[in-house]
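Asker: Got a structure for you, questions after.
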Amino acid sequence: MDSIKIALLGLGNVGRGVWKILHGHRDMIREYVGVPIEIKKVLVRDIHKKRDIDVPFHILTTKFDDILFDEDIHIIVELMGGLNPAYQYIRKAIEKGKHVVTANKAVIASYGKELIQLANQRNVLLRFEGSVGGGIPIIAALTKSLAANEIETVVGIINGTTNYILTQMTRYEMDFNTALKLAQEKGYAEADPTSDVEGEDAAFKLSILAFIAFGVQVPPQDIPREGITRISEKEIQYAAQLGYTIKLLAVAKKHDGKLDLHVHPTLVPITHPLAAVNDEFNALFIKGDAIGELMMYGKGAGSLPTGSAVVGDIMDVSCAMMSGFREPYAYRNVREDLYINGEGEGEYYVRLEVVDQPGVLGKISTVLGNYGVSIASVVQRGRGERVVPLVLITHRVERKKLDLALEEIKKFDVVEEVASILRVESHSS
Ligand SMILES: NC(=O)c1ccc[n+]([C@@H]2O[C@H](COP(=O)([O-])OP(=O)(O)OC[C@H]3O[C@@H](n4cnc5c(N)ncnc54)[C@H](OP(=O)(O)O)[C@@H]3O)[C@@H](O)[C@H]2O)c1
């Protein structure tokens, strides 16, 4: 074989990054793989669209069949996004015996297991490093370098948009809407930011991580999640007074033989490595029984960082083709016995708005105690107003017990409202 021919499906942000890396590092890539990698065709919606790269017009097409039935094309690189037609195209490509590289979290979260099985049956490779954590090589780490570990925990900041917004709110005491607007101006948030700020994007990625790290398959829509739209700058300030910063965490954690899986805004101790992950950066904090604690940090999105992951996958597949070695990644066996439990035990932050008078804390502590909820720390600041915040951090407790206690506490005349309940990430869990 004197060259490896590929086709790109999509030439948007990531597609153009892939194009630039493949052309900019052409010689290095040829040396690494042994032969050049050539982009033979590119599928787009609009072949006349102006782009910031010089693409020969004759390689552009709007018909997927031009690519599917081109026997010279070895690898199809899907960078269109969305579930369909991306899923159908990937399936057809694998059925046709072509290798596939994709950065599509929606397709992999929803159909990953099925597509991996199909690829194995057809003796082709399917790679999707860019689908989680952009440029951070988390899939390869979990499937190759950390394969000898029983993974206990994967906790990630895997959405750059929300991390950027929360960082601005924390640093500059900004409200959510101002920080969101800034994120949109800087290109870190889409015009419609719903999927990011409501935690849906993180749930897609967590679904992929749960499968790769634990063999557990949970459709993204079944993962309990909460976004950051209700986080106020006030909450961030109270958390800071208690020694925490608020991050949107995607959590997959084994506890008592169960897998706790959820996406929530969470108080992270300022001494925790994830607390230092700011702006649009992503990070994954992993605990394995042999490796201990490990953290990977980097750019979780963007044309070139994601392009780096995609081109790495293309080179990996190309090397496998050149050596004739087609062994797929060894994915973990599917574990149906790990119970999925999004409302598991944990430490919680609770903010109550209470009437400022003596004995209130005592009354509340008694009810919490009756339900087995013990308080780790408390902040109560008089502001010279009738109603003041009472902020508590609990020790580890079942969420159900906390909710029952709060139901009772809500009924006190001196309690105006239970204003906020947030999870707390601890070093030890
Ligand atoms: N952007 C990131 O930072 C990032 C990070 C990680 C993963 N990803 C993933 O990478 C993928 C691509 O994202 P992106 O940001 O590059 O998207 P994008 O900028 O919207 O680009 C999408 C490209 O796909 C083409 N396309 C879309 N639907 C098509 C269809 N039905 N038929 C033919 N062409 C079609 C578009 O053609 P036209 O150019 O003609 O409109 C465009 O070139 C997504 O799965 C995304 O989740 C993105």
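So you can find residues: chains in the structure tokens are A, B, ... in the order shown, residues in each start at 1, and ligands are numbered from 1 in order.
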Dump as JSON lines the rows for residues of chain A within 6 Å of ligand 1: closest atom pair and distance in Å with one decimal, only C-alpha atoms and all ligand atoms counted, ordered by chain and rising residue number.
Answerer:
```
{"residue": "A:Gly10", "atom": "CA", "partner": "ligand 1", "partner_atom_place_in_ligand_line": "24 (O)", "distance": 3.3}
{"residue": "A:Leu11", "atom": "CA", "partner": "ligand 1", "partner_atom_place_in_ligand_line": "43 (O)", "distance": 3.5}
{"residue": "A:Gly12", "atom": "CA", "partner": "ligand 1", "partner_atom_place_in_ligand_line": "21 (O)", "distance": 3.2}
{"residue": "A:Asn13", "atom": "CA", "partner": "ligand 1", "partner_atom_place_in_ligand_line": "16 (O)", "distance": 3.6}
{"residue": "A:Val14", "atom": "CA", "partner": "ligand 1", "partner_atom_place_in_ligand_line": "16 (O)", "distance": 3.8}
{"residue": "A:Gly15", "atom": "CA", "partner": "ligand 1", "partner_atom_place_in_ligand_line": "16 (O)", "distance": 5.5}
{"residue": "A:Leu43", "atom": "CA", "partner": "ligand 1", "partner_atom_place_in_ligand_line": "33 (C)", "distance": 5.4}
{"residue": "A:Val44", "atom": "CA", "partner": "ligand 1", "partner_atom_place_in_ligand_line": "34 (N)", "distance": 3.5}
{"residue": "A:Arg45", "atom": "CA", "partner": "ligand 1", "partner_atom_place_in_ligand_line": "40 (O)", "distance": 3.5}
{"residue": "A:Asp46", "atom": "CA", "partner": "ligand 1", "partner_atom_place_in_ligand_line": "40 (O)", "distance": 3.7}
{"residue": "A:Thr62", "atom": "CA", "partner": "ligand 1", "partner_atom_place_in_ligand_line": "33 (C)", "distance": 5.9}
{"residue": "A:Leu79", "atom": "CA", "partner": "ligand 1", "partner_atom_place_in_ligand_line": "12 (C)", "distance": 4.2}
{"residue": "A:Met80", "atom": "CA", "partner": "ligand 1", "partner_atom_place_in_ligand_line": "24 (O)", "distance": 3.4}
{"residue": "A:Gly81", "atom": "CA", "partner": "ligand 1", "partner_atom_place_in_ligand_line": "45 (O)", "distance": 3.1}
{"residue": "A:Ala103", "atom": "CA", "partner": "ligand 1", "partner_atom_place_in_ligand_line": "10 (O)", "distance": 4.7}
{"residue": "A:Asn104", "atom": "CA", "partner": "ligand 1", "partner_atom_place_in_ligand_line": "45 (O)", "distance": 3.5}
{"residue": "A:Lys105", "atom": "CA", "partner": "ligand 1", "partner_atom_place_in_ligand_line": "47 (O)", "distance": 5.7}
{"residue": "A:Gly130", "atom": "CA", "partner": "ligand 1", "partner_atom_place_in_ligand_line": "7 (C)", "distance": 5.4}
{"residue": "A:Ser131", "atom": "CA", "partner": "ligand 1", "partner_atom_place_in_ligand_line": "7 (C)", "distance": 5.1}
{"residue": "A:Gly134", "atom": "CA", "partner": "ligand 1", "partner_atom_place_in_ligand_line": "6 (C)", "distance": 4.6}
{"residue": "A:Ala301", "atom": "CA", "partner": "ligand 1", "partner_atom_place_in_ligand_line": "3 (O)", "distance": 3.6}
{"residue": "A:Gly302", "atom": "CA", "partner": "ligand 1", "partner_atom_place_in_ligand_line": "3 (O)", "distance": 3.5}
{"residue": "A:Ser303", "atom": "CA", "partner": "ligand 1", "partner_atom_place_in_ligand_line": "3 (O)", "distance": 5.5}
{"residue": "A:Thr306", "atom": "CA", "partner": "ligand 1", "partner_atom_place_in_ligand_line": "5 (C)", "distance": 5.3}
```
Asker: Generate the output file for the selected residues, C-alpha atoms, as a tab-separated table (two decimals), in the first residue's frame.
Answerer:
```
chain	number	residue	atom	x	y	z
A	10	GLY	CA	-17.92	17.20	7.78
A	11	LEU	CA	-15.55	20.13	7.45
A	12	GLY	CA	-16.69	22.33	10.31
A	13	ASN	CA	-14.68	23.27	13.41
A	14	VAL	CA	-13.18	19.85	14.00
A	15	GLY	CA	-13.02	18.84	10.33
A	43	LEU	CA	-18.73	15.30	2.59
A	44	VAL	CA	-20.36	18.67	3.37
A	45	ARG	CA	-23.84	20.16	3.21
A	46	ASP	CA	-22.81	23.09	1.05
A	62	THR	CA	-22.81	16.21	-0.83
A	79	LEU	CA	-17.20	14.86	12.05
A	80	MET	CA	-20.73	16.01	11.24
A	81	GLY	CA	-22.27	15.73	14.70
A	103	ALA	CA	-15.69	12.51	17.59
A	104	ASN	CA	-19.46	12.14	17.91
A	105	LYS	CA	-20.49	11.77	21.58
A	130	GLY	CA	-12.41	12.98	20.35
A	131	SER	CA	-15.88	12.17	21.70
A	134	GLY	CA	-11.62	16.82	23.24
A	301	ALA	CA	-12.88	21.17	22.87
A	302	GLY	CA	-11.73	23.33	19.98
A	303	SER	CA	-10.70	22.77	16.43
A	306	THR	CA	-10.13	17.85	19.11
```
Asker: Residues within 12 Å of Ser377 of chain A, please, as a ChimeraX atom specification. Count only C-alpha atoms; anything in the same chain fewer than 5 positions from it doesn't count.
Answerer: /A:239,241-243,347-350,365,390-395
Asker: Keeping only N, CA and C atoms, write the selected residues as a compact mmCIF listing (two decimals), in the first residue's frame.
Answerer:
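Output contents, as saved in out20.txt:
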```txt
# COMPACT_ATOMS: atom_id res chain seq x y z
N ALA A 239 -19.97 28.93 49.45
CA ALA A 239 -19.12 27.74 49.30
C ALA A 239 -17.66 28.12 49.57
N GLN A 241 -16.55 30.48 51.47
CA GLN A 241 -16.34 30.70 52.91
C GLN A 241 -16.10 29.39 53.65
N LEU A 242 -16.66 28.31 53.10
CA LEU A 242 -16.49 27.00 53.73
C LEU A 242 -15.29 26.23 53.17
N GLY A 243 -14.56 26.86 52.23
CA GLY A 243 -13.35 26.22 51.69
C GLY A 243 -13.60 25.39 50.43
N GLU A 347 -21.93 13.62 50.76
CA GLU A 347 -21.99 14.78 51.65
C GLU A 347 -22.77 15.85 50.91
N TYR A 348 -23.51 16.64 51.66
CA TYR A 348 -24.34 17.66 51.02
C TYR A 348 -24.15 19.04 51.65
N TYR A 349 -24.33 20.05 50.80
CA TYR A 349 -24.35 21.45 51.21
C TYR A 349 -25.81 21.88 51.19
N VAL A 350 -26.27 22.48 52.28
CA VAL A 350 -27.67 22.92 52.34
C VAL A 350 -27.69 24.38 52.77
N SER A 365 -30.82 21.30 64.00
CA SER A 365 -29.87 20.20 64.25
C SER A 365 -30.59 19.00 64.85
N LEU A 390 -28.52 30.24 56.53
CA LEU A 390 -27.87 29.27 57.42
C LEU A 390 -27.33 28.17 56.49
N VAL A 391 -26.02 28.07 56.43
CA VAL A 391 -25.40 27.15 55.47
C VAL A 391 -24.75 25.98 56.21
N LEU A 392 -25.12 24.77 55.80
CA LEU A 392 -24.62 23.56 56.47
C LEU A 392 -23.92 22.65 55.48
N ILE A 393 -22.89 21.97 55.96
CA ILE A 393 -22.34 20.84 55.18
C ILE A 393 -22.56 19.60 56.04
N THR A 394 -23.14 18.58 55.44
CA THR A 394 -23.41 17.35 56.21
C THR A 394 -22.25 16.37 56.09
N HIS A 395 -22.20 15.42 57.00
CA HIS A 395 -21.34 14.25 56.79
C HIS A 395 -22.05 13.36 55.78
```
Asker: Pick out the residues sitting within 12 Å of Lys113 of chain A, and hand them over as number ranges by chain; count only C-alpha atoms, and ignore anything fewer than 2 positions along from it in its own chain.
Answerer: A: 107-111, 115-120, 126, 207-208, 210-212, 215-219, 331-334
Asker: Nearest to Arg91 of chain A: which of A:Val124, A:Asp66, A:Gly346, A:Lys40 is it, counting only C-alpha atoms?
Answerer: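 Checking each of A:Val124, A:Asp66, A:Gly346, A:Lys40 against Arg91 of chain A, counting only C-alpha atoms, the winner is A:Val124.
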Asker: For Pro224 of chain A, which residue out of A:Asp72, A:Glu425, A:Glu78, A:Asp260 is the nearest one, using only C-alpha atoms?
Answerer: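 Closest to Pro224 of chain A, using only C-alpha atoms: A:Asp260.
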Asker: Considering only helix (DSSP H, G or I) as DSSP defines it on the backbone, what residues of segment 169-404 of chain A qualify? List them as a ChimeraX atom specification.
Answerer: /A:169-172,176-185,194-197,200-214,220-222,233-241,273-276,303-323,360-370,399-404
Asker: Between atom CA of Gly359 of chain A and atom CA of Lys401 of chain A, what is the distance, to one decimal in Å?
Answerer: 22.9 Å
Asker: Select, from A:Tyr89, A:Leu294, A:Val378, A:Phe281, the residue with the minimum atom-to-atom distance to Ile136 of chain A, counting only C-alpha atoms.
Answerer: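 Closest to Ile136 of chain A, using only C-alpha atoms: A:Phe281.
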